[in-house]
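Q: Pasting final-v3.csv below, which is CSV, C-alpha atoms.
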```csv
chain,number,residue,atom,x,y,z
A,1,MET,CA,-58.5,22.7,23.4
A,2,SER,CA,-62.1,21.7,24.0
A,3,VAL,CA,-64.5,21.7,21.1
A,4,ILE,CA,-68.1,21.3,22.0
A,5,ILE,CA,-71.2,21.0,19.8
A,6,GLU,CA,-74.6,21.7,21.4
A,7,GLY,CA,-78.0,22.8,20.3
A,8,GLY,CA,-79.9,26.0,20.5
A,9,GLN,CA,-83.5,27.1,19.9
A,10,PRO,CA,-84.2,29.2,16.8
A,11,GLN,CA,-86.1,32.5,17.1
A,12,ARG,CA,-87.8,34.0,14.1
A,13,GLY,CA,-88.6,37.6,13.2
A,14,GLN,CA,-87.9,40.6,11.1
A,15,GLY,CA,-85.0,43.0,11.2
A,16,GLY,CA,-85.7,46.6,12.0
A,17,GLY,CA,-84.5,49.7,10.3
A,18,GLN,CA,-85.8,51.8,7.4
A,19,GLY,CA,-83.6,49.8,5.0
A,20,ALA,CA,-85.1,46.4,6.0
A,21,PRO,CA,-84.6,43.8,3.1
A,22,ALA,CA,-87.7,43.1,1.0
A,23,VAL,CA,-87.5,39.3,1.2
A,24,PRO,CA,-87.6,37.9,4.7
A,25,LEU,CA,-85.5,35.0,5.9
A,26,ASP,CA,-86.2,32.6,8.7
A,27,ALA,CA,-84.0,30.2,10.7
A,28,GLN,CA,-85.0,27.2,8.5
A,29,ALA,CA,-84.2,29.0,5.3
A,30,VAL,CA,-80.8,29.8,6.7
A,31,ARG,CA,-80.2,26.2,7.8
A,32,ASP,CA,-81.3,24.9,4.4
A,33,ALA,CA,-79.1,27.4,2.5
A,34,TYR,CA,-76.0,26.6,4.5
A,35,ARG,CA,-76.6,22.9,4.3
A,36,ARG,CA,-76.2,23.3,0.6
A,37,TRP,CA,-73.2,25.6,0.9
A,38,ALA,CA,-71.3,23.8,3.6
A,39,GLY,CA,-69.2,21.5,1.3
A,40,VAL,CA,-68.2,24.3,-1.1
A,41,TYR,CA,-68.3,27.4,1.1
A,42,ASP,CA,-64.6,27.7,1.5
A,43,THR,CA,-64.0,27.4,-2.2
A,44,VAL,CA,-66.8,29.6,-3.4
A,45,PHE,CA,-66.7,32.3,-0.7
A,46,GLY,CA,-63.4,31.9,1.1
A,47,PHE,CA,-61.3,34.0,-1.4
A,48,ILE,CA,-63.8,36.9,-1.9
A,49,SER,CA,-64.4,37.1,1.9
A,50,ALA,CA,-60.8,36.8,2.9
A,51,PRO,CA,-59.9,40.6,3.0
A,52,GLY,CA,-62.9,41.4,5.3
A,53,ARG,CA,-62.3,38.4,7.5
A,54,MET,CA,-58.6,39.1,7.9
A,55,ARG,CA,-59.2,42.8,8.7
A,56,ALA,CA,-61.8,41.8,11.3
A,57,VAL,CA,-59.5,39.3,13.0
A,58,ALA,CA,-56.6,41.7,13.0
A,59,ALA,CA,-58.9,44.3,14.7
A,60,ILE,CA,-59.9,41.7,17.3
A,61,ASN,CA,-56.3,40.7,17.9
A,62,ALA,CA,-55.3,44.3,18.5
A,63,LEU,CA,-57.8,44.6,21.3
A,64,PRO,CA,-56.9,43.7,24.9
A,65,ALA,CA,-59.9,41.4,24.9
A,66,GLU,CA,-59.1,37.9,25.9
A,67,ARG,CA,-62.6,36.2,25.7
A,68,VAL,CA,-63.9,36.5,22.2
A,69,LEU,CA,-67.2,35.4,20.7
A,70,GLU,CA,-67.4,34.7,17.0
A,71,VAL,CA,-71.0,34.8,15.9
A,72,GLY,CA,-71.6,32.8,12.8
A,73,VAL,CA,-68.3,31.0,12.9
A,74,GLY,CA,-69.3,29.0,9.8
A,75,THR,CA,-66.5,26.6,8.6
A,76,GLY,CA,-64.0,28.3,10.9
A,77,LEU,CA,-62.0,30.1,8.3
A,78,ALA,CA,-61.1,32.8,10.8
A,79,LEU,CA,-60.0,30.5,13.6
A,80,PRO,CA,-56.4,29.9,12.6
A,81,HIS,CA,-55.7,33.6,12.6
A,82,TYR,CA,-56.5,34.6,16.2
A,83,THR,CA,-53.4,35.2,18.4
A,84,PRO,CA,-52.5,32.8,21.2
A,85,ALA,CA,-53.7,35.3,23.7
A,86,LYS,CA,-57.3,34.8,22.6
A,87,ARG,CA,-59.9,32.4,24.0
A,88,VAL,CA,-62.4,32.0,21.3
A,89,THR,CA,-66.0,30.6,21.3
A,90,GLY,CA,-67.8,30.2,18.0
A,91,ILE,CA,-71.5,29.7,17.4
A,92,ASP,CA,-73.4,28.9,14.2
A,93,LEU,CA,-76.9,27.8,13.3
A,94,SER,CA,-75.7,25.3,10.7
A,95,PRO,CA,-74.5,21.9,12.0
A,96,GLU,CA,-73.0,21.1,8.6
A,97,MET,CA,-70.9,24.3,8.7
A,98,LEU,CA,-69.9,23.6,12.3
A,99,GLU,CA,-68.7,20.1,11.4
A,100,VAL,CA,-66.2,21.6,9.0
A,101,ALA,CA,-65.1,24.1,11.6
A,102,ARG,CA,-64.7,21.3,14.2
A,103,ARG,CA,-62.4,19.4,11.8
A,104,ARG,CA,-60.4,22.5,11.2
A,105,ALA,CA,-60.0,23.2,14.9
A,106,GLN,CA,-58.8,19.7,15.6
A,107,ASP,CA,-55.8,20.4,13.4
A,108,GLY,CA,-54.5,22.8,16.1
A,109,MET,CA,-54.9,26.6,16.5
A,110,PRO,CA,-52.7,29.4,17.9
A,111,ALA,CA,-55.6,30.6,20.0
A,112,THR,CA,-57.5,28.5,22.5
A,113,ILE,CA,-60.8,27.4,20.9
A,114,GLU,CA,-63.0,26.9,23.9
A,115,ALA,CA,-66.1,25.8,22.2
A,116,LEU,CA,-67.9,25.5,18.8
A,117,LEU,CA,-71.6,25.6,19.6
A,118,GLU,CA,-74.8,25.1,17.5
A,119,MET,CA,-76.7,28.1,18.7
A,120,ASP,CA,-79.1,30.8,17.4
A,121,ALA,CA,-77.4,34.3,17.4
A,122,GLU,CA,-80.8,35.8,18.3
A,123,ALA,CA,-81.3,33.6,21.4
A,124,MET,CA,-77.9,32.9,22.9
A,125,THR,CA,-77.7,30.7,26.0
A,126,PHE,CA,-74.6,32.5,27.5
A,127,PRO,CA,-74.9,34.4,30.7
A,128,ASP,CA,-74.7,38.2,30.6
A,129,ALA,CA,-71.2,39.7,30.1
A,130,SER,CA,-69.5,36.4,29.2
A,131,PHE,CA,-67.1,37.9,26.7
A,132,ASP,CA,-64.8,40.9,26.2
A,133,ALA,CA,-65.6,41.3,22.5
A,134,ALA,CA,-67.9,39.8,19.9
A,135,VAL,CA,-67.5,39.7,16.2
A,136,ALA,CA,-70.0,38.7,13.5
A,137,MET,CA,-68.5,38.1,10.1
A,138,PHE,CA,-70.9,38.0,7.1
A,139,VAL,CA,-73.7,37.2,9.5
A,140,ALA,CA,-75.8,40.4,9.9
A,141,SER,CA,-77.5,39.9,6.5
A,142,VAL,CA,-78.2,36.2,7.2
A,143,VAL,CA,-80.1,36.3,10.5
A,144,PRO,CA,-83.9,36.8,10.5
A,145,ASN,CA,-83.8,39.7,13.0
A,146,PRO,CA,-80.5,41.6,12.9
A,147,ARG,CA,-81.5,44.0,15.7
A,148,ARG,CA,-82.2,41.0,18.0
A,149,MET,CA,-78.8,39.6,17.1
A,150,MET,CA,-77.2,42.9,18.0
A,151,ALA,CA,-79.0,43.1,21.3
A,152,GLU,CA,-77.8,39.6,22.1
A,153,MET,CA,-74.2,40.5,21.3
A,154,ARG,CA,-74.5,43.5,23.6
A,155,ARG,CA,-76.0,41.3,26.3
A,156,VAL,CA,-73.2,38.7,26.3
A,157,VAL,CA,-70.3,41.3,26.0
A,158,ARG,CA,-69.2,42.9,29.2
A,159,PRO,CA,-69.6,46.7,29.8
A,160,GLY,CA,-66.8,48.5,28.1
A,161,GLY,CA,-66.3,45.8,25.6
A,162,THR,CA,-66.4,45.9,21.8
A,163,ILE,CA,-68.7,44.6,19.1
A,164,MET,CA,-67.6,44.2,15.5
A,165,LEU,CA,-69.4,43.4,12.3
A,166,VAL,CA,-68.0,42.8,8.8
A,167,ASN,CA,-70.6,42.5,6.1
A,168,HIS,CA,-71.8,43.6,2.7
A,169,PHE,CA,-74.2,46.5,3.0
A,170,LEU,CA,-76.6,48.0,0.5
A,171,ALA,CA,-74.9,50.7,-1.5
A,172,PRO,CA,-75.6,54.1,0.2
A,173,LYS,CA,-76.5,55.9,-3.0
A,174,PRO,CA,-78.5,55.0,-6.1
A,175,GLY,CA,-76.4,53.6,-9.0
A,176,ILE,CA,-75.4,50.5,-10.8
A,177,ARG,CA,-74.3,48.6,-7.7
A,178,ARG,CA,-77.6,49.3,-5.8
A,179,GLY,CA,-79.6,48.4,-8.8
A,180,LEU,CA,-77.8,45.0,-9.0
A,181,GLU,CA,-78.4,44.4,-5.3
A,182,ARG,CA,-82.1,45.1,-5.7
A,183,ILE,CA,-82.3,42.7,-8.8
A,184,VAL,CA,-80.7,39.9,-6.8
A,185,ALA,CA,-82.7,40.5,-3.7
A,186,PRO,CA,-85.7,38.2,-4.6
A,187,PHE,CA,-83.3,35.3,-4.5
A,188,SER,CA,-82.4,35.9,-0.8
A,189,ARG,CA,-83.9,32.7,0.5
A,190,ALA,CA,-82.0,30.6,-2.0
A,191,LEU,CA,-78.7,32.4,-1.3
A,192,GLY,CA,-79.2,32.4,2.5
A,193,TRP,CA,-78.3,36.1,2.8
A,194,HIS,CA,-79.7,39.6,1.8
A,195,PRO,CA,-77.9,41.4,-1.1
A,196,ASP,CA,-80.1,44.4,-0.3
A,197,PHE,CA,-79.1,44.7,3.4
A,198,ALA,CA,-78.8,48.3,4.7
A,199,MET,CA,-76.7,49.2,7.7
A,200,ASP,CA,-79.6,50.7,9.7
A,201,THR,CA,-81.2,47.3,9.6
A,202,VAL,CA,-78.8,46.1,12.3
A,203,LEU,CA,-77.6,49.3,14.0
A,204,SER,CA,-79.7,51.9,15.9
A,205,PRO,CA,-79.3,55.6,15.1
A,206,ALA,CA,-77.0,56.0,18.2
A,207,GLN,CA,-74.9,53.0,17.1
A,208,MET,CA,-74.7,54.4,13.5
A,209,ALA,CA,-73.4,57.7,14.9
A,210,ALA,CA,-70.8,56.0,17.2
A,211,ALA,CA,-69.6,53.4,14.7
A,212,THR,CA,-66.2,53.3,13.1
A,213,LEU,CA,-66.3,52.1,9.5
A,214,GLN,CA,-63.5,50.7,7.4
A,215,THR,CA,-64.1,49.5,3.8
A,216,CYS,CA,-62.6,46.2,2.8
A,217,ASN,CA,-61.6,44.7,-0.5
A,218,PRO,CA,-62.5,43.5,-3.0
A,219,LEU,CA,-63.7,46.8,-4.4
A,220,GLY,CA,-65.0,48.0,-1.1
A,221,LEU,CA,-67.8,45.5,-1.2
A,222,PHE,CA,-67.5,44.8,2.5
A,223,THR,CA,-67.4,47.1,5.5
A,224,LEU,CA,-65.9,46.5,9.0
A,225,VAL,CA,-68.0,48.2,11.6
A,226,THR,CA,-66.8,48.7,15.2
A,227,VAL,CA,-69.3,49.7,17.8
A,228,PRO,CA,-68.6,50.3,21.5
A,229,ARG,CA,-70.7,47.8,23.4
A,230,ASP,CA,-72.2,50.5,25.7
A,231,VAL,CA,-73.9,52.4,22.9
A,232,VAL,CA,-77.5,51.4,22.6
```
Take the structure I supplied and represent it as structure tokens, if you would.
A:
Amino acid sequence: MSVIIEGGQPQRGQGGGQGAPAVPLDAQAVRDAYRRWAGVYDTVFGFISAPGRMRAVAAINALPAERVLEVGVGTGLALPHYTPAKRVTGIDLSPEMLEVARRRAQDGMPATIEALLEMDAEAMTFPDASFDAAVAMFVASVVPNPRRMMAEMRRVVRPGGTIMLVNHFLAPKPGIRRGLERIVAPFSRALGWHPDFAMDTVLSPAQMAAATLQTCNPLGLFTLVTVPRDVV
């Protein structure tokens, strides 16, 4: 196993889509938030995010894909659950989160962890078609420009490959849940993610039409989205 840490250049911008969040994030806001969260992330978020994370990893493991990119690998909670057939590269913008992932990876993994890289999801340094599949877990509502992240994931995944997202998305219909999401939205910069993040902020109309959606516990708060790489 070879675990590498290297730098990347942040790119700033705004997500597209009619449901774009009201409060913008930038790369520094994300770094600052996850610097605060790094030491307690597994305890605070590990349990509630586990069903979505495990469903995403199971879906990746079921693919014939060998080379896998995990975008926003964070503290590496998913890494122990990939099968031995997978060769996984993880990237994240937070060096503090990556340090936790690096320690976790040093304990040994079923899969081959090829690298853990400090890199901006909106400006990856990988060559085109470097991976068979890419998965972003709880990341789409974090990056400043989700459509740019999606474009980068398409670029680095080979034709015929698969892109997966698991995320919390804004409730599709007005009601109590959507009201709560809107109330919490002004605190996006402190949280480091958007509670009011709509699916069309990251997916194009064609991708929305082609996507396969699976709700995840707890209470359907998260959704696993599978999109064929070749749909633009």
Q: Tell me, as a list in words, which residues lie within 6 Å of segment 218-230 of chain A, counting only C-alpha atoms; anything in the same chain fewer than 2 positions away does not count.
A: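 Neighbouring residues, sequence-local ones excluded: Arg154, Gly161, Thr162, Ile163, Met164, Leu165, Val166, Asn167, His168, Ala211, Thr212, Leu213, Gln214, Thr215 and Cys216 of chain A.
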Q: Restricting it to C-alpha atoms, dump the selection as a short mmCIF file (atom, residue, chain, number, x, y, z; two decimals), keeping the file's coordinate frame.
A:
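Output (result_8.cif):
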```cif
data_model
loop_
_atom_site.label_atom_id
_atom_site.label_comp_id
_atom_site.auth_asym_id
_atom_site.auth_seq_id
_atom_site.Cartn_x
_atom_site.Cartn_y
_atom_site.Cartn_z
CA ARG A 154 -74.50 43.50 23.60
CA GLY A 161 -66.30 45.80 25.60
CA THR A 162 -66.40 45.90 21.80
CA ILE A 163 -68.70 44.60 19.10
CA MET A 164 -67.60 44.20 15.50
CA LEU A 165 -69.40 43.40 12.30
CA VAL A 166 -68.00 42.80 8.80
CA ASN A 167 -70.60 42.50 6.10
CA HIS A 168 -71.80 43.60 2.70
CA ALA A 211 -69.60 53.40 14.70
CA THR A 212 -66.20 53.30 13.10
CA LEU A 213 -66.30 52.10 9.50
CA GLN A 214 -63.50 50.70 7.40
CA THR A 215 -64.10 49.50 3.80
CA CYS A 216 -62.60 46.20 2.80
#
```
Q: Can you tell me how far atom CA of Met109 of chain A sits from atom CA of Ala56 of chain A, in Å to one decimal?
A: 17.5 Å
Q: For a quick check of understanding, using all atoms listed in the file, which of A:Met150, A:Ala85, A:Leu63, A:Ala111 has the smallest distance to Thr201 of chain A?
A: A:Met150
Q: Give me, as a list of chain:residue names, all polymer residues having an atom no more than 8 Å from Val71 of chain A, counting only C-alpha atoms and skipping those fewer than 4 positions away in the same chain.
A: A:Gly90, A:Ile91, A:Asp92, A:Ala121, A:Ala134, A:Val135, A:Ala136, A:Met137, A:Val139
Q: Out of A:Pro84, A:Gly74, A:Pro146, A:Gly160, which residue has the shortest atom-to-atom distance to Arg53 of chain A when counting all atoms listed in the file?
A: A:Gly74
Q: As a short mmCIF file (atom, residue, chain, number, x, y, z; two decimals), keeping the file's coordinate frame, could you write out segment 80-91 of chain A once it has been completed with all heavy atoms?
A:
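As a result, rebuild02.cif now contains:
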```
data_model
loop_
_atom_site.label_atom_id
_atom_site.label_comp_id
_atom_site.auth_asym_id
_atom_site.auth_seq_id
_atom_site.Cartn_x
_atom_site.Cartn_y
_atom_site.Cartn_z
N PRO A 80 -57.86 30.00 12.54
CA PRO A 80 -56.40 29.90 12.60
C PRO A 80 -55.66 31.22 12.75
O PRO A 80 -54.45 31.24 12.98
CB PRO A 80 -56.03 29.23 11.26
CG PRO A 80 -57.28 28.62 10.76
CD PRO A 80 -58.37 29.51 11.25
N HIS A 81 -56.38 32.33 12.64
CA HIS A 81 -55.70 33.60 12.60
C HIS A 81 -55.81 34.44 13.87
O HIS A 81 -55.24 35.53 13.95
CB HIS A 81 -56.29 34.42 11.41
CG HIS A 81 -56.18 33.70 10.10
ND1 HIS A 81 -54.97 33.50 9.46
CD2 HIS A 81 -57.12 33.07 9.34
CE1 HIS A 81 -55.17 32.81 8.35
NE2 HIS A 81 -56.45 32.54 8.25
N TYR A 82 -56.51 33.94 14.87
CA TYR A 82 -56.50 34.60 16.20
C TYR A 82 -55.17 34.34 16.87
O TYR A 82 -54.57 33.28 16.71
CB TYR A 82 -57.65 34.09 17.05
CG TYR A 82 -59.03 34.47 16.57
CD1 TYR A 82 -59.84 33.54 15.93
CD2 TYR A 82 -59.51 35.77 16.75
CE1 TYR A 82 -61.11 33.89 15.48
CE2 TYR A 82 -60.79 36.12 16.30
CZ TYR A 82 -61.57 35.17 15.67
OH TYR A 82 -62.83 35.52 15.22
N THR A 83 -54.72 35.31 17.67
CA THR A 83 -53.40 35.20 18.40
C THR A 83 -53.56 34.22 19.55
O THR A 83 -54.66 33.96 20.04
CB THR A 83 -52.94 36.53 18.85
OG1 THR A 83 -53.88 37.05 19.80
CG2 THR A 83 -52.80 37.51 17.70
N PRO A 84 -52.43 33.70 20.04
CA PRO A 84 -52.50 32.80 21.20
C PRO A 84 -53.10 33.36 22.43
O PRO A 84 -53.52 32.60 23.31
CB PRO A 84 -50.99 32.44 21.40
CG PRO A 84 -50.34 32.66 20.07
CD PRO A 84 -51.07 33.82 19.46
N ALA A 85 -53.16 34.69 22.54
CA ALA A 85 -53.70 35.30 23.70
C ALA A 85 -55.25 35.21 23.79
O ALA A 85 -55.84 35.47 24.84
CB ALA A 85 -53.32 36.77 23.82
N LYS A 86 -55.88 34.82 22.69
CA LYS A 86 -57.30 34.80 22.60
C LYS A 86 -57.93 33.48 23.02
O LYS A 86 -57.37 32.42 22.71
CB LYS A 86 -57.82 35.19 21.21
CG LYS A 86 -57.28 36.51 20.68
CD LYS A 86 -57.61 37.69 21.59
CE LYS A 86 -57.04 38.98 21.04
NZ LYS A 86 -57.18 40.11 21.99
N ARG A 87 -59.06 33.56 23.71
CA ARG A 87 -59.90 32.40 24.00
C ARG A 87 -61.18 32.55 23.28
O ARG A 87 -62.01 33.39 23.62
CB ARG A 87 -60.12 32.28 25.53
CG ARG A 87 -58.85 32.01 26.34
CD ARG A 87 -59.04 32.35 27.81
NE ARG A 87 -60.28 31.84 28.34
CZ ARG A 87 -60.91 32.32 29.40
NH1 ARG A 87 -60.41 33.39 30.04
NH2 ARG A 87 -62.03 31.79 29.83
N VAL A 88 -61.37 31.74 22.22
CA VAL A 88 -62.40 32.00 21.30
C VAL A 88 -63.54 30.94 21.41
O VAL A 88 -63.28 29.73 21.48
CB VAL A 88 -61.89 31.94 19.81
CG1 VAL A 88 -63.00 32.21 18.81
CG2 VAL A 88 -60.76 32.95 19.65
N THR A 89 -64.78 31.43 21.43
CA THR A 89 -66.00 30.60 21.30
C THR A 89 -66.68 30.95 20.05
O THR A 89 -66.87 32.14 19.75
CB THR A 89 -66.91 30.82 22.52
OG1 THR A 89 -66.26 30.39 23.72
CG2 THR A 89 -68.21 30.04 22.35
N GLY A 90 -67.04 29.95 19.26
CA GLY A 90 -67.80 30.20 18.00
C GLY A 90 -69.14 29.58 18.06
O GLY A 90 -69.32 28.49 18.62
N ILE A 91 -70.12 30.28 17.50
CA ILE A 91 -71.50 29.70 17.40
C ILE A 91 -71.94 29.80 15.95
O ILE A 91 -71.52 30.67 15.18
CB ILE A 91 -72.49 30.43 18.32
CG1 ILE A 91 -72.73 31.88 17.88
CG2 ILE A 91 -72.03 30.36 19.77
CD1 ILE A 91 -73.91 32.54 18.59
#
```
